[in-house]
Amino acid sequence: MAKEKKVEQITDMDVDFAQWFTDVVTKAELIDYSGVKGFFILRPYAYAIWENIQGILDNRFKELGHENVSMPVLIPESLLQKEKDHVEGFAPEVAWVTHGGSEELAERLCVRPTSETLFCDHWSHVLRSWRDLPMLYNQWCSVLRWEKTTRPFLRGREFHWQEGHTLHATKEEAELETQQMLNVYADFCENSLAMPVIKGQKTEKEKFAGAVSTYTVECMMHDKKALQGGTSHYFGDGFARAFDIQFTDRDNKLCYPHQTSWGMSTRIIGGLIMTHGDNSGLVLPPKIAPVQVMVIPIAMHKEGVLEKADALTARLKAGGLRVRIDKSEQSPGWKFAEHEMKGIPLRIELGPKDIENGQCVAVRRDNGEKITVGLSELEMKIPELLDAVQQGLYDKAKKNLTDNTRPALSLDEARGIISGKGGFVKTMWCGSLECEMKMKEDAGVSSRCIPFEQEHIGHSCIACGKPAEKMVIWGVAY
């Protein structure tokens, strides 16, 4: 008799969190390593998660009036050089194309690390009048940044993302767009990904290259480190002036438009894994899970079991749920472990005794709870259970964020929190780069954001003791 295939084991997350993450992304069949260092293959299961993320965000963008476009993958060096701060910010990560076929190119071409310059060049050709504004564009694509240290999802040299780029007649309209899109990301993280966030503004040191201001949603992972979930940038008219983008306003005067950009990438899948995963593998929120319910027939050889399981599956699919049935020859125990590894939110077990009693057993992935569900109430109870899983994941992640965000009144106190308990530290800050760097050097943390919801934790900067009016969230980040 052939040996039964074993479910892959993963490292305990409290023993080695980094190895646990690597085990999950490979053994749950999310990632494979390509032949080029730092480039990862998104396997079908990972890409299905990304497609669900795309679907939700794309619908939201379009509801707000944005249109999808497609820009070239290559940027002439002369175009990239037009905005000084922007090019300096990306210079260390740029990859260059120098040959076309066997011929050396007259000008180097950059493989896009981001597309601000391409959008600006396009807008300089097509914008004429105030009637053309606002221009609300979004692009789904991949970009390339030559990172030195790479990890699946978290820091790859090529990654998928969406990048929104908009142009507005006034500063007020552009700033409103910047805040609106940040709120879209925050709502998506919390309500679709079950990931609580802290919304705020980046410091001058941490803002996007070329931006006037950068806003962020910051998330806390299971290991209490920070992950930047999505960012939104206000550019003012700096890019417009550099690229000579002008329009005629209502008074027939030439003006420079104001610009924004905003983006979220496949990095958020890494955040999803590290927020909700456990020692059995992935745990996926139902709203973005490729498979929301897995039906497992028990004692498939018994008469009527497969037919009833198929009928149950069809009923749930008809209700709009993403459902599959596992008819493989593996044992039920193997199937349970395999689908737990894949993070499927709800498992339904159906055997001869269940059929006889007019019921099935539903098992929640988030807490392992088993619930008996009458077959007559299937269409009502299963969506309710999926909602409970979604809420349960959010509540657990919110508790992790709340319990591990602590105030500190001194540098020693901040250092003690980070080295001992970990998590986020909230302190007062005077606003100087010198004090921001001191926190990095002495406490090992970077500024995550200046949160919109401010608190007054004393009155003095934690690093220099001078009067301070801003509270900052600090943490160790991915």
# chains A, B, ... in the order shown; residues from 1 in each chain; ligands from 1

call {"tool": "residues_around", "arguments": {"residues": "A:Val305", "least_positions_apart": "5", "cutoff": "8 Å", "atoms": "only C-alpha atoms", "output": "tab-separated table (two decimals) with C-alpha atoms, in the first residue's frame"}}
result
chain	number	residue	atom	x	y	z
A	297	PRO	CA	-17.03	14.50	2.59
A	298	ILE	CA	-16.39	11.95	5.37
A	299	ALA	CA	-16.50	8.23	4.43
A	300	MET	CA	-16.87	9.02	0.75
A	350	LEU	CA	-20.30	15.97	6.07
A	351	GLY	CA	-20.52	12.26	6.84
A	352	PRO	CA	-23.21	9.52	6.98
A	355	ILE	CA	-26.70	13.31	6.71

call {"tool": "residues_around", "arguments": {"residues": "stretch 106-117 of chain A", "least_positions_apart": "3", "cutoff": "7 Å", "atoms": "only C-alpha atoms", "output": "NGL selection string"}}
result
:A and (73-77 or 79-80 or 94-98 or 120-121 or 143-145)

call {"tool": "write_last_selection", "arguments": {"atoms": "N, CA and C atoms", "output": "PDB file, in the first residue's frame"}}
result
ATOM      1  N   VAL A  73       6.998  50.505 -19.653  1.00  0.00           N
ATOM      2  CA  VAL A  73       7.826  49.949 -18.580  1.00  0.00           C
ATOM      3  C   VAL A  73       9.198  50.625 -18.516  1.00  0.00           C
ATOM      4  N   LEU A  74       9.596  51.317 -19.593  1.00  0.00           N
ATOM      5  CA  LEU A  74      10.920  51.933 -19.655  1.00  0.00           C
ATOM      6  C   LEU A  74      10.819  53.455 -19.648  1.00  0.00           C
ATOM      7  N   ILE A  75      11.772  54.087 -18.942  1.00  0.00           N
ATOM      8  CA  ILE A  75      11.797  55.546 -18.811  1.00  0.00           C
ATOM      9  C   ILE A  75      13.155  56.053 -19.298  1.00  0.00           C
ATOM     10  N   PRO A  76      13.197  56.968 -20.275  1.00  0.00           N
ATOM     11  CA  PRO A  76      14.477  57.539 -20.696  1.00  0.00           C
ATOM     12  C   PRO A  76      15.174  58.241 -19.527  1.00  0.00           C
ATOM     13  N   GLU A  77      16.488  58.121 -19.482  1.00  0.00           N
ATOM     14  CA  GLU A  77      17.250  58.717 -18.382  1.00  0.00           C
ATOM     15  C   GLU A  77      17.014  60.228 -18.298  1.00  0.00           C
ATOM     16  N   LEU A  79      14.377  61.850 -18.969  1.00  0.00           N
ATOM     17  CA  LEU A  79      13.065  62.111 -18.368  1.00  0.00           C
ATOM     18  C   LEU A  79      13.129  61.935 -16.854  1.00  0.00           C
ATOM     19  N   LEU A  80      13.824  60.893 -16.419  1.00  0.00           N
ATOM     20  CA  LEU A  80      13.945  60.625 -14.988  1.00  0.00           C
ATOM     21  C   LEU A  80      14.691  61.752 -14.277  1.00  0.00           C
ATOM     22  N   VAL A  94      17.677  51.759  -9.096  1.00  0.00           N
ATOM     23  CA  VAL A  94      17.294  51.741 -10.503  1.00  0.00           C
ATOM     24  C   VAL A  94      18.081  50.683 -11.282  1.00  0.00           C
ATOM     25  N   ALA A  95      17.377  49.946 -12.144  1.00  0.00           N
ATOM     26  CA  ALA A  95      18.008  49.032 -13.091  1.00  0.00           C
ATOM     27  C   ALA A  95      17.948  49.667 -14.477  1.00  0.00           C
ATOM     28  N   TRP A  96      19.026  49.513 -15.250  1.00  0.00           N
ATOM     29  CA  TRP A  96      19.130  50.215 -16.534  1.00  0.00           C
ATOM     30  C   TRP A  96      19.194  49.241 -17.702  1.00  0.00           C
ATOM     31  N   VAL A  97      18.531  49.603 -18.791  1.00  0.00           N
ATOM     32  CA  VAL A  97      18.650  48.895 -20.055  1.00  0.00           C
ATOM     33  C   VAL A  97      19.611  49.701 -20.926  1.00  0.00           C
ATOM     34  N   THR A  98      20.685  49.068 -21.377  1.00  0.00           N
ATOM     35  CA  THR A  98      21.719  49.771 -22.146  1.00  0.00           C
ATOM     36  C   THR A  98      21.818  49.298 -23.595  1.00  0.00           C
ATOM     37  N   CYS A 120       3.766  62.505 -15.863  1.00  0.00           N
ATOM     38  CA  CYS A 120       4.001  63.934 -16.073  1.00  0.00           C
ATOM     39  C   CYS A 120       4.307  64.243 -17.534  1.00  0.00           C
ATOM     40  N   ASP A 121       5.111  63.415 -18.160  1.00  0.00           N
ATOM     41  CA  ASP A 121       5.424  63.623 -19.570  1.00  0.00           C
ATOM     42  C   ASP A 121       4.151  63.541 -20.418  1.00  0.00           C
ATOM     43  N   VAL A 143       6.636  46.877 -10.928  1.00  0.00           N
ATOM     44  CA  VAL A 143       7.763  47.801 -10.973  1.00  0.00           C
ATOM     45  C   VAL A 143       9.015  47.073 -10.498  1.00  0.00           C
ATOM     46  N   LEU A 144      10.170  47.678 -10.776  1.00  0.00           N
ATOM     47  CA  LEU A 144      11.439  47.030 -10.439  1.00  0.00           C
ATOM     48  C   LEU A 144      12.317  47.971  -9.625  1.00  0.00           C
ATOM     49  N   ARG A 145      12.761  47.488  -8.473  1.00  0.00           N
ATOM     50  CA  ARG A 145      13.685  48.240  -7.626  1.00  0.00           C
ATOM     51  C   ARG A 145      14.770  47.269  -7.170  1.00  0.00           C
TER      52      ARG A 145
END

call {"tool": "closest_residue", "arguments": {"among": "A:Ala242, A:Val283, A:Ala211, A:Met195", "to": "A:Glu340", "atoms": "only C-alpha atoms"}}
result
A:Val283

call {"tool": "closest_atom_pairs", "arguments": {"of": "stretch 117-234 of chain A", "to": "stretch 43-66 of chain A", "cutoff": "8 Å", "atoms": "only C-alpha atoms", "output": "Markdown table"}}
result
| residue | atom | partner | partner_atom | distance |
| --- | --- | --- | --- | --- |
| A:Leu136 | CA | A:His66 | CA | 4.7 |
| A:Tyr137 | CA | A:His66 | CA | 5.3 |
| A:Asn138 | CA | A:His66 | CA | 6.5 |
| A:Val184 | CA | A:Arg60 | CA | 7.8 |
| A:Phe188 | CA | A:Leu57 | CA | 7.6 |

call {"tool": "write_last_selection", "arguments": {"atoms": "N, CA and C atoms", "output": "mmCIF file, in the first residue's frame"}}
result
data_model
loop_
_atom_site.group_PDB
_atom_site.id
_atom_site.type_symbol
_atom_site.label_atom_id
_atom_site.label_comp_id
_atom_site.auth_asym_id
_atom_site.auth_seq_id
_atom_site.Cartn_x
_atom_site.Cartn_y
_atom_site.Cartn_z
ATOM 1 N N LEU A 136 -7.898 61.768 -13.238
ATOM 2 C CA LEU A 136 -7.852 60.768 -12.167
ATOM 3 C C LEU A 136 -7.494 59.412 -12.762
ATOM 4 N N TYR A 137 -6.201 59.061 -12.669
ATOM 5 C CA TYR A 137 -5.707 57.844 -13.311
ATOM 6 C C TYR A 137 -5.213 56.831 -12.277
ATOM 7 N N ASN A 138 -5.261 55.569 -12.670
ATOM 8 C CA ASN A 138 -4.676 54.488 -11.870
ATOM 9 C C ASN A 138 -4.058 53.480 -12.821
ATOM 10 N N VAL A 184 -9.351 55.372 1.785
ATOM 11 C CA VAL A 184 -9.713 54.158 1.033
ATOM 12 C C VAL A 184 -8.828 52.998 1.479
ATOM 13 N N PHE A 188 -10.017 49.676 3.451
ATOM 14 C CA PHE A 188 -9.753 48.373 2.841
ATOM 15 C C PHE A 188 -8.993 47.460 3.800
#

call {"tool": "atom_distance", "arguments": {"atom1": "atom CA of A:His99", "atom2": "atom CA of A:Asp85"}}
result
27.1 Å

call {"tool": "closest_residue", "arguments": {"among": "A:Val293, A:Met471, A:Leu312, A:Val425", "to": "A:Pro383", "atoms": "only C-alpha atoms"}}
result
A:Val293

call {"tool": "residues_around", "arguments": {"residues": "stretch 200-208 of chain A", "least_positions_apart": "6", "cutoff": "8 Å", "atoms": "only C-alpha atoms", "output": "ChimeraX atom specification"}}
result
/A:214-217,233,433,447-453

call {"tool": "decode", "arguments": {"residues": "stretch 290-425 of chain A", "atoms": "C-alpha atoms", "output": "short mmCIF file (atom, residue, chain, number, x, y, z; two decimals), in the first residue's frame"}}
result
data_model
loop_
_atom_site.label_atom_id
_atom_site.label_comp_id
_atom_site.auth_asym_id
_atom_site.auth_seq_id
_atom_site.Cartn_x
_atom_site.Cartn_y
_atom_site.Cartn_z
CA PRO A 290 -9.76 32.55 -2.88
CA VAL A 291 -11.71 29.70 -1.25
CA GLN A 292 -14.02 30.74 1.57
CA VAL A 293 -15.45 27.30 2.34
CA MET A 294 -13.95 23.84 1.82
CA VAL A 295 -16.41 20.95 1.89
CA ILE A 296 -14.93 17.64 3.04
CA PRO A 297 -17.03 14.50 2.59
CA ILE A 298 -16.39 11.95 5.37
CA ALA A 299 -16.50 8.23 4.43
CA MET A 300 -16.87 9.02 0.75
CA HIS A 301 -17.31 5.33 -0.06
CA LYS A 302 -20.62 5.26 1.80
CA GLU A 303 -23.70 5.52 -0.36
CA GLY A 304 -25.09 9.02 -0.81
CA VAL A 305 -22.23 10.93 0.86
CA LEU A 306 -20.69 12.37 -2.30
CA GLU A 307 -24.07 13.23 -3.77
CA LYS A 308 -25.10 15.11 -0.61
CA ALA A 309 -21.73 16.87 -0.43
CA ASP A 310 -22.03 17.95 -4.07
CA ALA A 311 -25.53 19.25 -3.44
CA LEU A 312 -24.37 21.17 -0.35
CA THR A 313 -21.50 22.71 -2.36
CA ALA A 314 -23.85 23.73 -5.17
CA ARG A 315 -26.23 25.42 -2.70
CA LEU A 316 -23.43 27.51 -1.19
CA LYS A 317 -22.06 28.47 -4.61
CA ALA A 318 -25.54 29.54 -5.67
CA GLY A 319 -25.50 31.88 -2.67
CA GLY A 320 -22.44 33.64 -4.06
CA LEU A 321 -19.77 32.01 -1.88
CA ARG A 322 -16.40 30.78 -3.12
CA VAL A 323 -16.65 27.06 -2.31
CA ARG A 324 -14.72 23.91 -3.22
CA ILE A 325 -15.14 20.25 -2.39
CA ASP A 326 -12.19 17.94 -1.66
CA LYS A 327 -12.85 14.52 -3.18
CA SER A 328 -9.21 13.42 -3.11
CA GLU A 329 -8.25 9.99 -1.79
CA GLN A 330 -6.36 11.44 1.20
CA SER A 331 -7.61 10.79 4.73
CA PRO A 332 -9.87 13.38 6.38
CA GLY A 333 -7.10 14.22 8.86
CA TRP A 334 -4.69 15.01 6.04
CA LYS A 335 -7.30 17.17 4.33
CA PHE A 336 -8.02 19.07 7.53
CA ALA A 337 -4.33 19.90 8.01
CA GLU A 338 -3.77 20.78 4.35
CA HIS A 339 -6.65 23.23 4.16
CA GLU A 340 -5.68 24.74 7.50
CA MET A 341 -2.23 25.33 6.00
CA LYS A 342 -3.90 27.16 3.10
CA GLY A 343 -5.83 29.35 5.55
CA ILE A 344 -9.31 28.53 4.25
CA PRO A 345 -11.70 30.38 6.60
CA LEU A 346 -14.34 27.67 7.03
CA ARG A 347 -14.34 23.89 6.70
CA ILE A 348 -17.52 21.87 6.40
CA GLU A 349 -17.49 18.20 7.31
CA LEU A 350 -20.30 15.97 6.07
CA GLY A 351 -20.52 12.26 6.84
CA PRO A 352 -23.21 9.52 6.98
CA LYS A 353 -24.28 10.36 10.54
CA ASP A 354 -24.48 14.07 9.70
CA ILE A 355 -26.70 13.31 6.71
CA GLU A 356 -28.88 11.06 8.85
CA ASN A 357 -29.31 13.90 11.37
CA GLY A 358 -29.88 16.57 8.71
CA GLN A 359 -26.77 18.55 9.64
CA CYS A 360 -23.12 19.25 8.90
CA VAL A 361 -20.19 20.41 11.04
CA ALA A 362 -18.55 23.76 10.29
CA VAL A 363 -15.06 24.44 11.65
CA ARG A 364 -13.69 28.00 11.94
CA ARG A 365 -10.06 28.44 10.85
CA ASP A 366 -9.46 31.42 13.15
CA ASN A 367 -10.18 29.64 16.44
CA GLY A 368 -10.92 25.97 15.62
CA GLU A 369 -14.48 26.18 16.94
CA LYS A 370 -16.82 23.46 15.67
CA ILE A 371 -20.43 24.41 15.01
CA THR A 372 -23.26 22.07 14.10
CA VAL A 373 -25.34 23.57 11.30
CA GLY A 374 -28.69 22.21 10.18
CA LEU A 375 -28.78 21.55 6.43
CA SER A 376 -32.06 23.42 6.20
CA GLU A 377 -30.42 26.64 7.47
CA LEU A 378 -27.19 26.36 5.48
CA GLU A 379 -27.63 29.48 3.33
CA MET A 380 -28.23 31.64 6.40
CA LYS A 381 -25.71 30.20 8.88
CA ILE A 382 -22.60 29.81 6.69
CA PRO A 383 -22.42 33.53 5.67
CA GLU A 384 -22.96 34.41 9.35
CA LEU A 385 -20.02 32.20 10.33
CA LEU A 386 -17.81 33.76 7.66
CA ASP A 387 -18.68 37.21 9.02
CA ALA A 388 -17.79 35.96 12.51
CA VAL A 389 -14.40 34.74 11.27
CA GLN A 390 -13.75 38.10 9.58
CA GLN A 391 -14.64 40.00 12.76
CA GLY A 392 -12.72 37.59 14.97
CA LEU A 393 -9.54 38.13 12.97
CA TYR A 394 -9.92 41.91 13.17
CA ASP A 395 -10.58 41.85 16.92
CA LYS A 396 -7.51 39.69 17.57
CA ALA A 397 -5.27 41.92 15.44
CA LYS A 398 -6.71 45.06 17.04
CA LYS A 399 -5.92 43.69 20.50
CA ASN A 400 -2.35 42.99 19.40
CA LEU A 401 -2.00 46.58 18.17
CA THR A 402 -3.61 48.16 21.23
CA ASP A 403 -1.82 46.00 23.81
CA ASN A 404 1.58 46.58 22.21
CA THR A 405 1.47 50.34 21.62
CA ARG A 406 2.96 52.00 24.69
CA PRO A 407 3.83 55.56 25.72
CA ALA A 408 7.34 56.55 26.79
CA LEU A 409 8.55 59.72 28.50
CA SER A 410 12.29 59.10 28.19
CA LEU A 411 14.77 57.56 25.77
CA ASP A 412 15.66 54.91 28.36
CA GLU A 413 12.00 53.99 28.73
CA ALA A 414 11.55 53.75 24.95
CA ARG A 415 14.68 51.63 24.63
CA GLY A 416 13.46 49.33 27.38
CA ILE A 417 10.06 48.84 25.72
CA ILE A 418 11.57 48.03 22.32
CA SER A 419 14.26 45.67 23.64
CA GLY A 420 11.92 44.01 26.14
CA LYS A 421 8.31 43.86 24.97
CA GLY A 422 8.64 45.19 21.43
CA GLY A 423 5.80 46.84 19.56
CA PHE A 424 5.17 50.53 18.96
CA VAL A 425 6.29 53.38 21.19
#
